[in-house]
Structure formats: C-alpha cells, structure tokens
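Engineer: Questions regarding the structure given below will be posed in turn.
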Amino acid sequence: MKILKKMGVLVCTVGILAESPVMNVWAAPETVVMSRILSESPETVNQMAVETAELKIDSENCYTGMDQPYSKGYTPKVENGTASLVVPVVCQGQLRDDTLKVSLNLGSGNGIPFISEKYEKDIGLSQEKINGSQETIACYLVNFDLKLKDDRKNGEYPVVLNVQTEDIDGNLIHKEFSVNVVITDEKPPASEPSTEEPSTDEPSTVEPSTEEPSTDEPSTGEPSTEPSTEAPKDDLTGAVDVTGPSGSDSGGGASSGGSGGGSSASEAPTFAPKIIVQSCKSSKDEIQAGDEVTLDITLLNTSSTETVRNMTVSIGDEGEYLNLLSPTDTIYVDSVSAGQTCVVSYKYKILASAVPGAYGLSVSMDYADSKGASQSASGKIKMMVSQAVKLEFDPLVLASEVQVGDVVTAQIQAMNLGRSKVHNVRAVIEADGLAPEGTLFIGDIEAGKTATGTVKISVTSLSKGSSLYGETRGTVTYYYEDENGKEYEETGNITTNIKTPFSNTTKETPEDTGQWWIIMAVVVGILFFFIIGMILRGIRRKKRQDEAEETAE
C-alpha cells in the first residue's frame, strides 16, 4: 500500500509541473522557432538572404569634400573647370572583398557641360571621418573630378552613379544613384558689352549699322553681331608669334580692308607681353647619375614697350630620378623690364639609378602686364643625363714563355660594373716579336655582366736590340663606348719571353770516364780468378783420371 501511495504522489507531481507556466516558458521558444522555419517557404528564405546586403547613400552625415549632407541639399563643388563629386555609399550587410565597382553615366547630347571621358574605378571599404569631427564610419567613399567644357551653360545636370558588387554568397547586386550637378559659372560668349544684349529685338536695329565691318558677319552667323567684334581681339591677344610693328600693320590692314573707313584706327588690337624661356645653363658640362647640378634658366620679356610685374616661375620635372633640392619649386620675380631678361636657379639631385637619356623640365610663368591683367606662359627645357662608365679588365692571359714560330692565343676578360650598357669593347695588342691576327673584339656588355675575347698571335724574333731572343714588353690598349657614343680608352702592359725555336731539342750528356781504370781492374781481376779456377779444376780432373788408370792396372 505504501508503494502505491508513493507512485500516486509522483504522478500527481509530474502532472502539476507539466501544466506550470515555468515549463511553458522553457518550451515555447523552441516551438516558435520550429513553427516559423516550417511556415517559411523556400522562396521567402532565399529572398531574405538576398536582401541582407543593401546599398544606399548616407544622406545624414557630411564627409570630406562635402559642404553639407545630402539631406540638406548637397551639390558637387564646381571650381576651376572641375566638378568634384562625392558620394558616400553605405551597405547594410557584408560584401565580397568589401569592394564596389562604380562608373558614371554623364548623359548624352551637345548640351551637357561635361567633357566626355571614361569614369570608372574600384572603391574599397574604409573608415571615413564625418561632420568635421574625429568620429568615423565605415563606408564606400566615391570621389570623381568631372572636367567641364569651357562653353558650359548654367543649369542642373543629372549624373548617374552605377554601382555593381556581390554579396558574400556571390549574388550580384546592382544599384543606381542620381546626383545633380549645378552649374552657375557660365562664361559669356564675349566681353561685357555683349552681355547687355539679351533681347533678340536689338539685332534687327544693329544690322544696318554693322555693314561697315564685314568681318563680323561671317564669324557669328547669328543675329547679334556685336559680340563677334570682340572675339577676334581675344584671339589676337593670345597670339604667340607676333611682333609689335608687324602685328599692328596686319591688324590695321585687316580692319581697313573690311570697313574701308577711318574707324579701324580706334579698334587696333593690342598685344600682351610674352615671357619665354631663352636658355638654360647647367653648372656641369656633363651631367651624370648621382650628380648634384644647378640649372640657371634665363627668361626673356619679348615686349619692347611693356614691363611685366608680379611674376611667379614654377618648375616641374618628369620621372622619379630627379630630386629637387631647392626649398621650393616656385620663385617670385618682382618685375622684368621691356626687352630684358631675368635668371632663376634650381638645384637638382640626379639619383644614382637614373636611366640615361633626356629629362624634360616644364617651366610655367604667371605675371601681370602693364594694365594689371593676368597673363601666363610656359616653356620646356631638356637635361641630358648619362651613367658613369665603369669597366674593368683582367690582365691579358698570355704564356710567360713563347718560341719563335709558335702561334699562341691571348685572352682578355672585361667586367661592366656600371649601370648602363657598354658598346664595342675591343683591345689592340702591340709588342716587339708578337704579331696579332687582328683586333681582339669583345663586343657589347650589359650592366653587371662579363664578357671574354680572344685573338691568335704569331711569335717572331725580336727586331729591336742586339739579341733576336729574350724578354719583350708591349702594351694593350682598350677601347669602348658609352650609350651616347662617347669613346673611352685605357692602356695596360704585357710581358713575355721569346725563346729560340731550338730551345726544346734534347742534348746527350757525355758519360763520366774519370774512373775507367778501376772498372777495368775489377774486370781483369775477375777474369784472372776465373781462369785460375778453370786451370786448377782441369789439373784435379787429370790427376783423378791417372789414379783411376793405375788402380785398374
């Protein structure tokens, strides 16, 4: 009975716990999750995965290059013929390689203010400062500098930013953003008088009065003719190859031919003074890699009447091998009188690894004429740089002793220790008793390489001195050329010993006969004892035979 009571209590306890809120809370999350997974269709699950990565413009924050956020009306900055476009793109989710491929669509037609170019680049994820503070945010900051046409018109022009990328699963994401570029610096077609004729009614009243300057009508082809009368003045002022007297005559001739009246004198064009690069002198006659050199550039004011003032001279170099040692690349010149010159100096260091050749230096001048109008000019100079030639020769390889009539081989090895190629390396051997078959030619040697040359030499007897044989001394002259064709010459010495052609025949050495009698005495002594022995032996034999006969009897 006690066992049955305990089992009953246990069953009741389990039932109570199963109905309790604690058990319901513990089991609910798993049930909800499982039911949600079962209720979602495959299409819905895929759509959720694709939508995890979303691109959009951060319109709430102001980034570097922006004056205000997009939400407050950001427009690209237009300055110096360039529109600077900044687009901060943020992504909700993770992209493959954290990279966007962006490109611009500038639109089409002749009315767009942009110069047609290809704008395309890859943008990586970076931490960018926002709102002028030290706070940063992860975004893809897109920057493009759009070049504008000179004849652009005021207005708003949409630019479409195309963005392509992939999410971490390899799904392609494509997005387009449109940004308006506002142009407000439209340039008038002519000078200020032309801007006073916005109405199309005035050309009808102007046409009768413009019959005199016939040059105006072909240049415009439009109703308004006054702007065209100013355009030729701008072109003449910007002319380069013009002198004062001839320019005035040509200008006057053109006006009188067109009008036939005296009004052309008042419209004679004026020419701005021109500054040109007259010459450049280097502190070294030959500039080599590794040198420090000072360039003195002479500038000439070609005008015979006007002084130029407030001039700045800037220099720019090409390549990575020229290092400007001067404190700055810009020099200020207060004034240059008419027909006079001024000299500006720059100091450069040519790197030791510089490639031989001509290096261009661009010179830009900005100045004011006598009326205070800004003018500019430019020129270019060339600086020839060469590499120092470093060529070393091993001593001439030749036998220390040679015989008349022999043909021996001489050898020379050359090592190019410089940074440039050496051309036409050769050697000429000259010595009494040695007759080379020709010049020992090695050829071209690349930088850091070695090369070897050989030549056959016939050996003759000496022609100088009292002996036909013996030691002879001579010279080896080396010739080679650098990249610019400049020839170099070095000299070395050679020494060898010329021997007679019979020096190799073997001589029989006579035997030493000073002790012959001793040898003869020994031989005679041996023969004597041999003969005595033979005689004694014969006597003994005879005696034995006689005894044997007597015994027999």
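Each chain of the structure tokens is named A, B, ... in the order shown, its residues numbered from 1; ligands are numbered from 1 in display order.
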Would you mind listing what lies within 7 Å of A:Ile297 as a list in words, with only C-alpha atoms counted and same-chain residues fewer than 4 positions away left out?
Structural biologist: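 Using only C-alpha atoms, the neighbours found are Ser279, Cys280, Lys281, Val343, Val344 and Ser345 of chain A.
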Engineer: Do a neighbour search on A:Asp369 at 9 Å with only C-alpha atoms, toss out local chain neighbours closer than 5 positions, and write the hits as a PyMOL selection string.
Structural biologist: chain A and resi 272-273+306-310+374-375
Engineer: Would you list, as a ChimeraX atom specification, the residues of stretch 403-541 of chain A that end up in strand (DSSP E or B) under DSSP run on this structure's backbone?
Structural biologist: /A:403,407-416,422-431,434-436,440-445,450-459,470-481,487-499
Engineer: Extract, using only C-alpha atoms, all DNA, RNA and protein residues at most 12 Å from stretch 72-86 of chain A, discarding same-chain residues fewer than 5 positions from it, and format them as a PyMOL selection string.
Structural biologist: chain A and resi 57-67+104+113-115+119+140-152+154+156-161+177-187
Engineer: As an MDAnalysis selection string, please: the residues near A:Leu417 (cut-off 7 Å, only C-alpha atoms, same-chain neighbours under 4 positions excluded).
Structural biologist: chainID A and resid 390:391 447:448
Engineer: Report, in Å with one decimal, the straight-line distance from atom CA of A:Thr330 to atom CA of A:Met383.
Structural biologist: 19.0 Å
Engineer: Could you state the separation of atom CA of A:Gln94 and atom CA of A:Val163 in Å, given to one decimal place?
Structural biologist: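 One can read the atom CA of A:Gln94 to atom CA of A:Val163 distance as 15.2 Å.
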Engineer: How many Å lie between atom CA of A:Ile350 and atom CA of A:Asn484, rounded to one decimal?
Structural biologist: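 Going from atom CA of A:Ile350 over to atom CA of A:Asn484 covers 17.8 Å.
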Engineer: Between A:Gln403, A:Ser314, A:Asn162, A:Ser335, single out the one closest to A:Glu471, counting only C-alpha atoms.
Structural biologist: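 Looking at the shortest contact to A:Glu471, the residue is A:Gln403.
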Engineer: If you count only C-alpha atoms, which residues fall within 10 Å of A:Glu490, apart from same-chain ones fewer than 4 positions away, as a list of chain:residue names?
Structural biologist: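 Near A:Glu490, the qualifying residues are A:Leu391, A:Glu392, A:Phe393, A:Ala427, A:Val476, A:Thr477, A:Tyr478, A:Tyr479, A:Tyr480.
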Engineer: Do a neighbour search on stretch 352-360 of chain A at 7 Å with only C-alpha atoms, toss out local chain neighbours closer than 3 positions, and write the hits as a PDB file with C-alpha atoms, in the first residue's frame.
Structural biologist:
ATOM      1  CA  ALA A 289      73.677  59.947 -62.453  1.00  0.00           C
ATOM      2  CA  GLY A 290      74.428  60.724 -58.823  1.00  0.00           C
ATOM      3  CA  ASP A 317      60.167  67.607 -63.570  1.00  0.00           C
ATOM      4  CA  GLU A 318      59.499  64.311 -65.309  1.00  0.00           C
ATOM      5  CA  TYR A 321      65.022  60.091 -60.866  1.00  0.00           C
ATOM      6  CA  LYS A 380      60.262  73.369 -71.614  1.00  0.00           C
ATOM      7  CA  ILE A 381      63.946  72.562 -71.228  1.00  0.00           C
ATOM      8  CA  LYS A 382      65.877  69.321 -71.613  1.00  0.00           C
ATOM      9  CA  MET A 383      68.538  67.934 -69.303  1.00  0.00           C
ATOM     10  CA  MET A 384      70.763  65.156 -70.640  1.00  0.00           C
ATOM     11  CA  VAL A 385      71.746  62.591 -68.006  1.00  0.00           C
ATOM     12  CA  SER A 386      74.319  59.857 -68.546  1.00  0.00           C
ATOM     13  CA  GLN A 387      75.533  56.959 -66.435  1.00  0.00           C
TER      14      GLN A 387
END
